[in-house]
Amino acid sequence: MPDRPIRLLILEDNPMDLELTLATLKRGGLPLESRHVSTREEFEAAFAQGSWDLILADYWLPSFTGLEALEAVRKVDALLPFILISGTLGDERAIESLKSGATDYVLKDNLARLLVVVRRALAEHQERLHHLATQRALQESEARFDRAVRGSTDGLWDWNPDTGSIYYSPRFRALLGWTGGDGSGEISLFRNALHPDDAERILRAIDDNLAGGPPFHEELRLRQPDGTYRWFLGRGETLRSADGRTRHFSGSITDISQRRQFEESLRAAHRRLQRLSRRAIELLENERRHLARELHDEIGQVLTAVKINLESVARRISEPALKEPLRDSVEITSTALAQVRRLSLDLRPAQLDDLGLVAALRGHADRQAAVGRFTAHFETRGLPKRLNTKIETACFRVSQEALTNILRHSRAANVWIDLSADQNQVTLTVRDDGVGFVVEDGTNRATSGESLGLLSMEERIALIGGSLTVVSQPGKGTEVRARVPLAVEGRK
């Protein structure tokens, strides 16, 4: 029964019978909001105006009957409790009234039964309303699901592992090119459509979810009618009963063929760019090598010869007016020779090709330490005699860039260079105790093109399959660490 007072409409023309009826209900403790009518016109007006929980109607009235009132009510509301009350009602009329839609009937000489009948009628009415609401909600839910299934671009499935039955939505069947059928089928249809290279992984992921593991979320290939395969993203989850038993495994497939093609195009473009970058770096290093040797062997030798001749002439001349210009010329020539040698070393030190990374790196660190007035600490562990040429070049260039940044920005007193190797990789670390910086700011400057040092280091290491990390904080120095695999394609 409702928590509020019961809204009661009573059709009765006898004041004494009305009083007895209301008294009976009130003695039973029923909270009431009642309205009394005695004619057809009053009844029809009251019924149209109000929202009633219960109607009690006398069977016989001078110009109106309870059955006529019942007929009027049932045209509008098929469930509203309607109880007939009569002085005399034979079995035949009782059956007729119940067939016409009356909820129950009570004789006036047995009003003690009225309270039980009213309570039962109200309770049954509430139950019917609840049932109808549940049924309507279910129908609406099914309608929404049907609209979602038909409007979805995803293919849906619902599998009952106990019975083996499985439902494939129309979109699912369309995505796989299946024709005919009502959506029902067997799990074998799905299994047989899996690409052989995907089948074991996909079926294992489904079994894991059925056993209580993570949700099913896998990319897979499914066969089309022409024998080709398309890529899909499969998602699914197991629905369990209250006692934990598997009831259904439901999910969807989304066509991701275009996305996979786009990703493959991007990967192919990336591979082409990497090949071009590697080739560009190879050409750059070859040109550096050539220029370094030209500076060292040609221009360096010429300047050396000029210096020797000037010194020889200076020793033979005794005139003071000529000695001073000759000394200046010797100094200028020495300075030019030192600059040529420095340029040659910066372009590509001969030690890197002739003696290897350790010798080249140690020599470069010592030269930079002398310029920057910091102490260089150099340590090596586990290195073979020579490394792959690509590894040596990349590690030297990263160290060169890191040391250049230290000279320009860090104001460091100490720099530590550590070069080590194990069975799988080479690790290079360049660390300083300088002023440090905010790594994100440096990355943003590199991305915007203001400073290409970080990007250059990352690119060189990435091209040989390695990784580079930079760790720094203001006031706490900087660490640059490169890791590269020993197994790098190319010449040793």
# chains A, B, ... in the order shown; residues from 1 in each chain; ligands from 1
call {"tool": "residues_around", "arguments": {"residues": "segment 457-468 of chain A", "least_positions_apart": "4", "cutoff": "6 Å", "atoms": "only C-alpha atoms", "output": "list in words"}}
result
Ala394, Val398, Arg481, Ala482, Arg483 and Val484 of chain A
call {"tool": "residues_around", "arguments": {"residues": "segment 256-272 of chain A", "least_positions_apart": "4", "cutoff": "12 Å", "atoms": "only C-alpha atoms", "output": "PyMOL selection string"}}
result
chain A and resi 153-154+175+218-222+228-234+276-279+462-463
call {"tool": "residues_around", "arguments": {"residues": "Ser100 of chain A", "least_positions_apart": "6", "cutoff": "9 Å", "atoms": "only C-alpha atoms", "output": "list in words"}}
result
Leu67, Leu70, Glu71 and Arg74 of chain A
call {"tool": "closest_residue", "arguments": {"among": "A:Ile417, A:Val313, A:Ile55, A:Val426", "to": "Leu84 of chain A", "atoms": "only C-alpha atoms"}}
result
A:Ile55
call {"tool": "atom_distance", "arguments": {"atom1": "atom CA of Leu428 of chain A", "atom2": "atom CA of Val371 of chain A"}}
result
22.4 Å
call {"tool": "residues_around", "arguments": {"residues": "Asp208 of chain A", "least_positions_apart": "6", "cutoff": "12 Å", "atoms": "only C-alpha atoms", "output": "PyMOL selection string"}}
result
chain A and resi 201-202+214-217+236-238+249
call {"tool": "closest_residue", "arguments": {"among": "A:Ile166, A:Ala133, A:Leu303, A:Val106", "to": "Glu186 of chain A", "atoms": "only C-alpha atoms"}}
result
A:Ile166
call {"tool": "residues_around", "arguments": {"residues": "Val358 of chain A", "least_positions_apart": "2", "cutoff": "10 Å", "atoms": "only C-alpha atoms", "output": "tab-separated table (two decimals) with N, CA and C atoms, in the first residue's frame"}}
result
chain	number	residue	atom	x	y	z
A	351	GLN	N	92.66	10.03	-33.71
A	351	GLN	CA	92.68	8.97	-32.69
A	351	GLN	C	91.44	8.08	-32.77
A	352	LEU	N	90.28	8.68	-33.12
A	352	LEU	CA	89.04	7.90	-33.15
A	352	LEU	C	89.11	6.79	-34.18
A	355	LEU	N	93.01	4.75	-33.03
A	355	LEU	CA	93.18	4.13	-31.72
A	355	LEU	C	91.87	3.74	-31.04
A	356	GLY	N	90.75	4.30	-31.49
A	356	GLY	CA	89.47	3.94	-30.92
A	356	GLY	C	88.87	4.99	-30.02
A	360	ALA	N	90.36	8.60	-28.08
A	360	ALA	CA	89.83	9.85	-28.61
A	360	ALA	C	89.06	10.62	-27.55
A	361	LEU	N	88.29	9.91	-26.76
A	361	LEU	CA	87.46	10.56	-25.74
A	361	LEU	C	88.33	11.12	-24.62
A	362	ARG	N	89.36	10.37	-24.23
A	362	ARG	CA	90.24	10.85	-23.17
A	362	ARG	C	90.99	12.11	-23.63
A	363	GLY	N	91.48	12.08	-24.86
A	363	GLY	CA	92.19	13.25	-25.37
A	363	GLY	C	91.29	14.46	-25.47
A	364	HIS	N	90.05	14.27	-25.96
A	364	HIS	CA	89.12	15.39	-26.09
A	364	HIS	C	88.75	15.95	-24.72
A	378	PHE	N	87.95	10.30	-15.73
A	378	PHE	CA	87.63	9.37	-16.82
A	378	PHE	C	87.77	7.94	-16.32
A	379	GLU	N	86.73	7.12	-16.59
A	379	GLU	CA	86.78	5.72	-16.13
A	379	GLU	C	86.14	4.82	-17.19
A	380	THR	N	86.76	3.66	-17.42
A	380	THR	CA	86.22	2.67	-18.36
A	380	THR	C	86.15	1.31	-17.67
A	383	LEU	N	85.19	-2.86	-21.47
A	383	LEU	CA	85.13	-2.56	-22.89
A	383	LEU	C	86.01	-3.50	-23.69
A	385	LYS	N	88.48	-4.25	-27.05
A	385	LYS	CA	89.56	-3.42	-27.57
A	385	LYS	C	89.02	-2.37	-28.52
A	386	ARG	N	88.12	-2.76	-29.41
A	386	ARG	CA	87.47	-1.82	-30.32
A	386	ARG	C	85.98	-2.12	-30.37
A	387	LEU	N	85.20	-1.07	-30.54
A	387	LEU	CA	83.76	-1.19	-30.67
A	387	LEU	C	83.36	-1.00	-32.12
A	392	GLU	N	81.26	3.87	-31.77
A	392	GLU	CA	82.34	4.78	-31.39
A	392	GLU	C	82.05	6.21	-31.85
A	396	PHE	N	81.24	9.26	-29.25
A	396	PHE	CA	82.16	10.40	-29.25
A	396	PHE	C	81.39	11.70	-29.49
A	419	LEU	N	82.56	5.14	-19.15
A	419	LEU	CA	82.27	4.34	-20.35
A	419	LEU	C	82.41	2.87	-19.97
call {"tool": "select_by_dssp", "arguments": {"residues": "segment 270-483 of chain A", "states": "alpha helix (DSSP H)", "output": "PyMOL selection string"}}
result
chain A and resi 270-293+300-316+320-347+350-354+357-372+389-405+439-448+453-463
call {"tool": "atom_distance", "arguments": {"atom1": "atom CA of Trp60 of chain A", "atom2": "atom CA of Glu33 of chain A"}}
result
23.9 Å
call {"tool": "atom_distance", "arguments": {"atom1": "atom CA of Phe64 of chain A", "atom2": "atom CA of Tyr105 of chain A"}}
result
17.4 Å
call {"tool": "select_by_dssp", "arguments": {"residues": "segment 154-288 of chain A", "states": "strand (DSSP E or B)", "output": "ChimeraX atom specification"}}
result
/A:155-159,165-168,184-186,194,216-223,229-240,246-255
call {"tool": "closest_residue", "arguments": {"among": "A:Arg136, A:His125, A:Lys108, A:Arg240", "to": "Tyr59 of chain A", "atoms": "only C-alpha atoms"}}
result
A:Lys108
call {"tool": "residues_around", "arguments": {"residues": "Ser312 of chain A", "least_positions_apart": "3", "cutoff": "12 Å", "atoms": "only C-alpha atoms", "output": "PyMOL selection string"}}
result
chain A and resi 305-309+315-317+323+326-327+330
call {"tool": "residues_around", "arguments": {"residues": "Ile10 of chain A", "least_positions_apart": "6", "cutoff": "7 Å", "atoms": "only C-alpha atoms", "output": "ChimeraX atom specification"}}
result
/A:35-37,55-57
call {"tool": "decode", "arguments": {"residues": "segment 164-202 of chain A", "atoms": "N, CA and C atoms", "output": "PDB file, in the first residue's frame"}}
result
ATOM      1  N   GLY A 164      27.161 -23.114 -25.117  1.00  0.00           N
ATOM      2  CA  GLY A 164      27.900 -23.047 -26.369  1.00  0.00           C
ATOM      3  C   GLY A 164      27.269 -22.130 -27.398  1.00  0.00           C
ATOM      4  N   SER A 165      26.089 -21.598 -27.112  1.00  0.00           N
ATOM      5  CA  SER A 165      25.412 -20.727 -28.082  1.00  0.00           C
ATOM      6  C   SER A 165      26.046 -19.343 -28.060  1.00  0.00           C
ATOM      7  N   ILE A 166      26.042 -18.689 -29.205  1.00  0.00           N
ATOM      8  CA  ILE A 166      26.623 -17.355 -29.316  1.00  0.00           C
ATOM      9  C   ILE A 166      25.783 -16.532 -30.282  1.00  0.00           C
ATOM     10  N   TYR A 167      25.617 -15.266 -29.932  1.00  0.00           N
ATOM     11  CA  TYR A 167      24.872 -14.337 -30.783  1.00  0.00           C
ATOM     12  C   TYR A 167      25.872 -13.406 -31.451  1.00  0.00           C
ATOM     13  N   TYR A 168      25.786 -13.283 -32.779  1.00  0.00           N
ATOM     14  CA  TYR A 168      26.576 -12.320 -33.545  1.00  0.00           C
ATOM     15  C   TYR A 168      25.625 -11.257 -34.078  1.00  0.00           C
ATOM     16  N   SER A 169      25.906  -9.996 -33.764  1.00  0.00           N
ATOM     17  CA  SER A 169      25.025  -8.922 -34.227  1.00  0.00           C
ATOM     18  C   SER A 169      25.097  -8.790 -35.744  1.00  0.00           C
ATOM     19  N   PRO A 170      24.076  -8.152 -36.347  1.00  0.00           N
ATOM     20  CA  PRO A 170      24.117  -7.946 -37.806  1.00  0.00           C
ATOM     21  C   PRO A 170      25.388  -7.234 -38.257  1.00  0.00           C
ATOM     22  N   ARG A 171      25.851  -6.260 -37.475  1.00  0.00           N
ATOM     23  CA  ARG A 171      27.065  -5.537 -37.844  1.00  0.00           C
ATOM     24  C   ARG A 171      28.289  -6.451 -37.779  1.00  0.00           C
ATOM     25  N   PHE A 172      28.339  -7.333 -36.779  1.00  0.00           N
ATOM     26  CA  PHE A 172      29.436  -8.294 -36.673  1.00  0.00           C
ATOM     27  C   PHE A 172      29.497  -9.141 -37.941  1.00  0.00           C
ATOM     28  N   ARG A 173      28.340  -9.658 -38.332  1.00  0.00           N
ATOM     29  CA  ARG A 173      28.295 -10.529 -39.507  1.00  0.00           C
ATOM     30  C   ARG A 173      28.671  -9.752 -40.767  1.00  0.00           C
ATOM     31  N   ALA A 174      28.250  -8.477 -40.824  1.00  0.00           N
ATOM     32  CA  ALA A 174      28.583  -7.670 -41.996  1.00  0.00           C
ATOM     33  C   ALA A 174      30.082  -7.393 -42.067  1.00  0.00           C
ATOM     34  N   LEU A 175      30.712  -7.140 -40.916  1.00  0.00           N
ATOM     35  CA  LEU A 175      32.142  -6.856 -40.903  1.00  0.00           C
ATOM     36  C   LEU A 175      32.955  -8.044 -41.403  1.00  0.00           C
ATOM     37  N   LEU A 176      32.459  -9.254 -41.151  1.00  0.00           N
ATOM     38  CA  LEU A 176      33.173 -10.449 -41.591  1.00  0.00           C
ATOM     39  C   LEU A 176      32.636 -10.999 -42.907  1.00  0.00           C
ATOM     40  N   GLY A 177      31.633 -10.309 -43.469  1.00  0.00           N
ATOM     41  CA  GLY A 177      31.094 -10.743 -44.754  1.00  0.00           C
ATOM     42  C   GLY A 177      30.236 -11.978 -44.675  1.00  0.00           C
ATOM     43  N   TRP A 178      29.709 -12.271 -43.480  1.00  0.00           N
ATOM     44  CA  TRP A 178      28.822 -13.431 -43.329  1.00  0.00           C
ATOM     45  C   TRP A 178      27.432 -13.039 -43.806  1.00  0.00           C
ATOM     46  N   THR A 179      26.828 -13.856 -44.607  1.00  0.00           N
ATOM     47  CA  THR A 179      25.485 -13.577 -45.110  1.00  0.00           C
ATOM     48  C   THR A 179      24.517 -14.608 -44.576  1.00  0.00           C
ATOM     49  N   GLY A 180      23.231 -14.202 -44.500  1.00  0.00           N
ATOM     50  CA  GLY A 180      22.191 -15.121 -44.028  1.00  0.00           C
ATOM     51  C   GLY A 180      22.280 -15.326 -42.529  1.00  0.00           C
ATOM     52  N   GLY A 181      21.346 -16.095 -42.012  1.00  0.00           N
ATOM     53  CA  GLY A 181      21.337 -16.403 -40.579  1.00  0.00           C
ATOM     54  C   GLY A 181      20.631 -15.338 -39.776  1.00  0.00           C
ATOM     55  N   ASP A 182      20.286 -15.720 -38.540  1.00  0.00           N
ATOM     56  CA  ASP A 182      19.549 -14.814 -37.660  1.00  0.00           C
ATOM     57  C   ASP A 182      20.427 -14.250 -36.552  1.00  0.00           C
ATOM     58  N   GLY A 183      21.722 -14.450 -36.653  1.00  0.00           N
ATOM     59  CA  GLY A 183      22.624 -13.947 -35.627  1.00  0.00           C
ATOM     60  C   GLY A 183      23.129 -15.026 -34.700  1.00  0.00           C
ATOM     61  N   SER A 184      22.414 -16.134 -34.598  1.00  0.00           N
ATOM     62  CA  SER A 184      22.873 -17.222 -33.736  1.00  0.00           C
ATOM     63  C   SER A 184      23.955 -18.005 -34.460  1.00  0.00           C
ATOM     64  N   GLY A 185      24.800 -18.651 -33.694  1.00  0.00           N
ATOM     65  CA  GLY A 185      25.875 -19.427 -34.297  1.00  0.00           C
ATOM     66  C   GLY A 185      26.673 -20.154 -33.250  1.00  0.00           C
ATOM     67  N   GLU A 186      27.898 -20.475 -33.586  1.00  0.00           N
ATOM     68  CA  GLU A 186      28.782 -21.194 -32.687  1.00  0.00           C
ATOM     69  C   GLU A 186      30.109 -20.452 -32.588  1.00  0.00           C
ATOM     70  N   ILE A 187      30.814 -20.680 -31.470  1.00  0.00           N
ATOM     71  CA  ILE A 187      32.089 -20.018 -31.260  1.00  0.00           C
ATOM     72  C   ILE A 187      33.113 -20.460 -32.293  1.00  0.00           C
ATOM     73  N   SER A 188      32.909 -21.632 -32.884  1.00  0.00           N
ATOM     74  CA  SER A 188      33.849 -22.135 -33.885  1.00  0.00           C
ATOM     75  C   SER A 188      33.922 -21.210 -35.101  1.00  0.00           C
ATOM     76  N   LEU A 189      32.825 -20.495 -35.421  1.00  0.00           N
ATOM     77  CA  LEU A 189      32.845 -19.546 -36.525  1.00  0.00           C
ATOM     78  C   LEU A 189      33.904 -18.472 -36.287  1.00  0.00           C
ATOM     79  N   PHE A 190      33.957 -18.003 -35.054  1.00  0.00           N
ATOM     80  CA  PHE A 190      34.941 -16.983 -34.695  1.00  0.00           C
ATOM     81  C   PHE A 190      36.346 -17.566 -34.694  1.00  0.00           C
ATOM     82  N   ARG A 191      36.491 -18.738 -34.076  1.00  0.00           N
ATOM     83  CA  ARG A 191      37.817 -19.370 -34.010  1.00  0.00           C
ATOM     84  C   ARG A 191      38.372 -19.622 -35.408  1.00  0.00           C
ATOM     85  N   ASN A 192      37.539 -20.112 -36.305  1.00  0.00           N
ATOM     86  CA  ASN A 192      38.002 -20.444 -37.655  1.00  0.00           C
ATOM     87  C   ASN A 192      38.360 -19.207 -38.463  1.00  0.00           C
ATOM     88  N   ALA A 193      37.790 -18.046 -38.081  1.00  0.00           N
ATOM     89  CA  ALA A 193      38.078 -16.805 -38.816  1.00  0.00           C
ATOM     90  C   ALA A 193      39.369 -16.148 -38.362  1.00  0.00           C
ATOM     91  N   LEU A 194      39.932 -16.578 -37.223  1.00  0.00           N
ATOM     92  CA  LEU A 194      41.150 -15.960 -36.697  1.00  0.00           C
ATOM     93  C   LEU A 194      42.344 -16.245 -37.601  1.00  0.00           C
ATOM     94  N   HIS A 195      43.202 -15.264 -37.738  1.00  0.00           N
ATOM     95  CA  HIS A 195      44.463 -15.466 -38.460  1.00  0.00           C
ATOM     96  C   HIS A 195      45.303 -16.487 -37.683  1.00  0.00           C
ATOM     97  N   PRO A 196      45.940 -17.428 -38.373  1.00  0.00           N
ATOM     98  CA  PRO A 196      46.721 -18.467 -37.676  1.00  0.00           C
ATOM     99  C   PRO A 196      47.774 -17.892 -36.722  1.00  0.00           C
ATOM    100  N   ASP A 197      48.357 -16.759 -37.073  1.00  0.00           N
ATOM    101  CA  ASP A 197      49.380 -16.170 -36.211  1.00  0.00           C
ATOM    102  C   ASP A 197      48.790 -15.510 -34.972  1.00  0.00           C
ATOM    103  N   ASP A 198      47.480 -15.241 -34.983  1.00  0.00           N
ATOM    104  CA  ASP A 198      46.831 -14.579 -33.844  1.00  0.00           C
ATOM    105  C   ASP A 198      46.061 -15.544 -32.960  1.00  0.00           C
ATOM    106  N   ALA A 199      45.718 -16.710 -33.483  1.00  0.00           N
ATOM    107  CA  ALA A 199      44.744 -17.590 -32.823  1.00  0.00           C
ATOM    108  C   ALA A 199      45.153 -17.941 -31.399  1.00  0.00           C
ATOM    109  N   GLU A 200      46.377 -18.409 -31.196  1.00  0.00           N
ATOM    110  CA  GLU A 200      46.793 -18.845 -29.860  1.00  0.00           C
ATOM    111  C   GLU A 200      46.732 -17.696 -28.859  1.00  0.00           C
ATOM    112  N   ARG A 201      47.232 -16.523 -29.246  1.00  0.00           N
ATOM    113  CA  ARG A 201      47.225 -15.367 -28.350  1.00  0.00           C
ATOM    114  C   ARG A 201      45.806 -14.936 -27.996  1.00  0.00           C
ATOM    115  N   ILE A 202      44.915 -14.895 -28.986  1.00  0.00           N
ATOM    116  CA  ILE A 202      43.547 -14.414 -28.755  1.00  0.00           C
ATOM    117  C   ILE A 202      42.764 -15.388 -27.887  1.00  0.00           C
TER     118      ILE A 202
END
